[in-house]
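Student: This is the structure I want to talk about, given as structure tokens.
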Amino acid sequence: MRDEVTKMSTVIETQNLKKKYRMGNLDVSALSGVNLRVEAGEFMSIMGPSGSGKTTLLNLIGALDRPTEGKVLIKGTDISKLNDDELAELRNREIGFVFQFFNLVARMSGLKNVEFPMAFAGVSQEARKRRATELLERVGLGDRLDHKPTELSGGEQQRVAIARALVNNPSVVLCDEPTGNIDSKTGKEIMEILRKLNREQQQTFVIVTHDPFVAESVDRIAHMQDGLIVREEILR
């Protein structure tokens, strides 16, 4: 698997990525010069203890924050050169997000939650419904389309979030502790869904986790400590 993906194009590249936060009178370093490449079709994980910088790295890759120094390239585009509107467009077009706490809109049905990102992409209402229904069926929620998040289990809410992340066919899906708010059995099911989507669609997944089971499900692990990638591990 790894030999195959290295022949493909690079989707994500970080170059000497640094991030500092101001806390009172102190500058706290969250990232200290991270260099990472992710190839198209990879299924990889960023793993490390709390405070190691893994979520900060994911936020910078996902254009949710800007680095203090260094670059993030998405399909060769230096996103530090984009303005806020261009960043929003890039996030909507190229990046899907799956969060630990689902981040679903409570007043909307599962179907409407999945449709939501397509509205910003200018997709027609009929096409939005068709695409959202198809994806919810693929993650096993074809019979729960009209249920609101409060009427769904944690695992079902995460399936809705996965469908929403994929709806605009992004180049990469970023997952921040996707099994962190559900039980271990459901977490295993969620990982199986992500893996299946990766294999069937050649969708690129970057999964931040501290869960050893999740990390062992991927092809490659980038281990983080104190704001740096200290080693990489090829599993498959």
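Residues are named by chain letter and number: chains run A, B, ... in the order of the structure tokens, numbers start at 1 in each chain, and ligands are numbered from 1 in the order shown.
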Extract, using only C-alpha atoms, all DNA, RNA and protein residues at most 7 Å from A:Ala63, discarding same-chain residues fewer than 4 positions from it, and format them as a PyMOL selection string.
Tutor: chain A and resi 59+87+91
Student: Tell me, counting only C-alpha atoms, for each residue of stretch 68-136 of chain A within 8 Å of stretch 167-189 of chain A, which pair of atoms is nearest and how far apart they are in Å to one decimal, in rows ordered by chain and increasing number, as a tab-separated table.
Tutor:
residue	atom	partner	partner_atom	distance
A:Asn92	CA	A:Asn168	CA	7.3
A:Arg93	CA	A:Pro170	CA	5.8
A:Glu94	CA	A:Pro170	CA	4.2
A:Ile95	CA	A:Pro170	CA	5.0
A:Gly96	CA	A:Val173	CA	4.4
A:Phe97	CA	A:Leu174	CA	5.0
A:Val98	CA	A:Cys175	CA	4.6
A:Phe99	CA	A:Asp176	CA	5.0
A:Gln100	CA	A:Pro178	CA	4.8
A:Phe101	CA	A:Asn181	CA	6.5
A:Val114	CA	A:Val167	CA	6.8
A:Glu115	CA	A:Val167	CA	7.5
A:Pro117	CA	A:Asn168	CA	7.3
A:Met118	CA	A:Asn168	CA	6.4
A:Ala121	CA	A:Asn168	CA	7.9
A:Arg131	CA	A:Val167	CA	7.0
A:Ala132	CA	A:Val167	CA	6.7
A:Leu135	CA	A:Val167	CA	7.3
Student: Of the residues A:Leu166, A:Ser217, A:Pro67, A:Lys112, which is the one nearest to A:Arg144, using only C-alpha atoms?
Tutor: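 Among A:Leu166, A:Ser217, A:Pro67, A:Lys112, it is A:Lys112 that comes nearest to A:Arg144.
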Student: I need the residues of stretch 48-224 of chain A that end up classed as alpha helix (DSSP H) by DSSP on the backbone, written out as a VMD selection string.
Tutor: chain A and resid 54 to 61 84 to 94 110 to 120 125 to 138 154 to 166 184 to 201 212 to 216
Student: What would the file look like if the residues just selected were written as an mmCIF file, in the first residue's frame with C-alpha atoms?
Tutor:
data_model
loop_
_atom_site.group_PDB
_atom_site.id
_atom_site.type_symbol
_atom_site.label_atom_id
_atom_site.label_comp_id
_atom_site.auth_asym_id
_atom_site.auth_seq_id
_atom_site.Cartn_x
_atom_site.Cartn_y
_atom_site.Cartn_z
ATOM 1 C CA LYS A 54 -1.324 17.052 17.149
ATOM 2 C CA THR A 55 -4.636 18.952 17.158
ATOM 3 C CA THR A 56 -2.818 22.236 16.483
ATOM 4 C CA LEU A 57 -1.179 20.578 13.483
ATOM 5 C CA LEU A 58 -4.530 19.308 12.239
ATOM 6 C CA ASN A 59 -6.083 22.776 12.594
ATOM 7 C CA LEU A 60 -3.274 24.332 10.557
ATOM 8 C CA ILE A 61 -3.529 21.670 7.855
ATOM 9 C CA ASP A 84 -10.188 34.552 4.483
ATOM 10 C CA ASP A 85 -12.725 34.074 1.682
ATOM 11 C CA GLU A 86 -10.275 31.959 -0.329
ATOM 12 C CA LEU A 87 -9.504 29.859 2.760
ATOM 13 C CA ALA A 88 -13.213 29.269 3.352
ATOM 14 C CA GLU A 89 -13.626 28.170 -0.251
ATOM 15 C CA LEU A 90 -10.628 25.842 0.014
ATOM 16 C CA ARG A 91 -11.968 24.262 3.207
ATOM 17 C CA ASN A 92 -15.353 23.683 1.607
ATOM 18 C CA ARG A 93 -13.910 22.257 -1.609
ATOM 19 C CA GLU A 94 -10.789 20.335 -0.586
ATOM 20 C CA GLY A 110 -29.253 14.111 9.612
ATOM 21 C CA LEU A 111 -30.094 14.658 5.947
ATOM 22 C CA LYS A 112 -30.047 18.454 6.270
ATOM 23 C CA ASN A 113 -26.772 18.352 8.223
ATOM 24 C CA VAL A 114 -25.142 16.452 5.377
ATOM 25 C CA GLU A 115 -26.680 18.734 2.735
ATOM 26 C CA PHE A 116 -25.453 21.888 4.493
ATOM 27 C CA PRO A 117 -21.876 22.146 3.057
ATOM 28 C CA MET A 118 -23.207 21.692 -0.473
ATOM 29 C CA ALA A 119 -25.302 24.844 -0.191
ATOM 30 C CA PHE A 120 -22.089 26.897 0.021
ATOM 31 C CA GLN A 125 -31.439 21.446 -3.801
ATOM 32 C CA GLU A 126 -32.346 18.301 -5.722
ATOM 33 C CA ALA A 127 -28.693 17.303 -6.193
ATOM 34 C CA ARG A 128 -27.959 18.046 -2.517
ATOM 35 C CA LYS A 129 -30.709 15.729 -1.335
ATOM 36 C CA ARG A 130 -29.657 12.976 -3.730
ATOM 37 C CA ARG A 131 -25.977 13.147 -2.727
ATOM 38 C CA ALA A 132 -26.699 13.382 1.020
ATOM 39 C CA THR A 133 -29.104 10.430 0.887
ATOM 40 C CA GLU A 134 -26.551 8.338 -1.001
ATOM 41 C CA LEU A 135 -23.817 9.019 1.553
ATOM 42 C CA LEU A 136 -26.054 8.377 4.568
ATOM 43 C CA GLU A 137 -27.044 5.066 3.025
ATOM 44 C CA ARG A 138 -23.371 4.214 2.531
ATOM 45 C CA GLY A 154 -23.250 8.784 19.470
ATOM 46 C CA GLY A 155 -22.157 6.316 16.824
ATOM 47 C CA GLU A 156 -25.005 7.358 14.529
ATOM 48 C CA GLN A 157 -24.142 11.035 14.988
ATOM 49 C CA GLN A 158 -20.549 10.287 14.017
ATOM 50 C CA ARG A 159 -21.770 8.488 10.887
ATOM 51 C CA VAL A 160 -23.721 11.616 9.948
ATOM 52 C CA ALA A 161 -20.553 13.653 10.528
ATOM 53 C CA ILE A 162 -18.577 11.308 8.262
ATOM 54 C CA ALA A 163 -21.176 11.607 5.509
ATOM 55 C CA ARG A 164 -21.099 15.400 5.865
ATOM 56 C CA ALA A 165 -17.290 15.410 5.642
ATOM 57 C CA LEU A 166 -17.411 13.507 2.344
ATOM 58 C CA SER A 184 -14.989 0.947 21.920
ATOM 59 C CA LYS A 185 -17.338 -1.313 19.946
ATOM 60 C CA THR A 186 -18.868 1.630 18.093
ATOM 61 C CA GLY A 187 -15.412 3.112 17.641
ATOM 62 C CA LYS A 188 -14.307 -0.044 15.864
ATOM 63 C CA GLU A 189 -17.334 0.211 13.560
ATOM 64 C CA ILE A 190 -16.504 3.851 12.784
ATOM 65 C CA MET A 191 -12.917 2.948 11.914
ATOM 66 C CA GLU A 192 -14.159 0.171 9.625
ATOM 67 C CA ILE A 193 -16.374 2.703 7.812
ATOM 68 C CA LEU A 194 -13.473 5.136 7.388
ATOM 69 C CA ARG A 195 -11.201 2.377 6.135
ATOM 70 C CA LYS A 196 -13.810 1.159 3.669
ATOM 71 C CA LEU A 197 -14.290 4.676 2.283
ATOM 72 C CA ASN A 198 -10.528 5.063 1.958
ATOM 73 C CA ARG A 199 -10.209 1.844 -0.020
ATOM 74 C CA GLU A 200 -13.267 2.295 -2.212
ATOM 75 C CA GLN A 201 -12.831 5.984 -3.018
ATOM 76 C CA PRO A 212 -3.711 2.751 20.148
ATOM 77 C CA PHE A 213 -6.443 0.695 18.421
ATOM 78 C CA VAL A 214 -7.227 3.534 16.025
ATOM 79 C CA ALA A 215 -3.543 4.096 15.317
ATOM 80 C CA GLU A 216 -2.994 0.414 14.562
#
Student: Hey, what's within 7 Å of A:Lys148 if we count only C-alpha atoms and toss same-chain stuff fewer than 3 positions away? As a ChimeraX atom specification, please?
Tutor: /A:106-110,151-152
Student: Need to verify the contact set: A:Lys75, 10 Å, only C-alpha atoms, exclusion of same-chain residues closer than 4 positions in sequence. Can you return it as a ChimeraX atom specification?
Tutor: /A:9-13,39-40,79,94,171-172
Student: Looking only at strand (DSSP E or B) from DSSP on the backbone, list the matching residues of stretch 8-216 of chain A as a ChimeraX atom specification.
Tutor: /A:10-23,26-39,43-47,69-74,77-78,95-98,172-176,204-209
Student: I want to know what sits within 8 Å of A:Thr68, based on only C-alpha atoms, with residues of the same chain fewer than 4 positions away left out; could you give that as an MDAnalysis selection string?
Tutor: chainID A and resid 17:20
Student: Write out, as a compact mmCIF listing (two decimals), in the first residue's frame, the residues just selected, with N, CA and C atoms.
Tutor:
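Produced file part32.txt, reproduced below:
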# COMPACT_ATOMS: atom_id res chain seq x y z
N LEU A 17 6.85 23.97 10.04
CA LEU A 17 5.64 24.59 10.56
C LEU A 17 5.78 24.87 12.06
N LYS A 18 5.56 26.15 12.42
CA LYS A 18 5.65 26.56 13.82
C LYS A 18 4.39 27.32 14.21
N LYS A 19 4.00 27.14 15.47
CA LYS A 19 2.85 27.86 15.99
C LYS A 19 3.09 28.22 17.44
N LYS A 20 2.94 29.52 17.73
CA LYS A 20 3.05 30.00 19.11
C LYS A 20 1.75 30.68 19.50
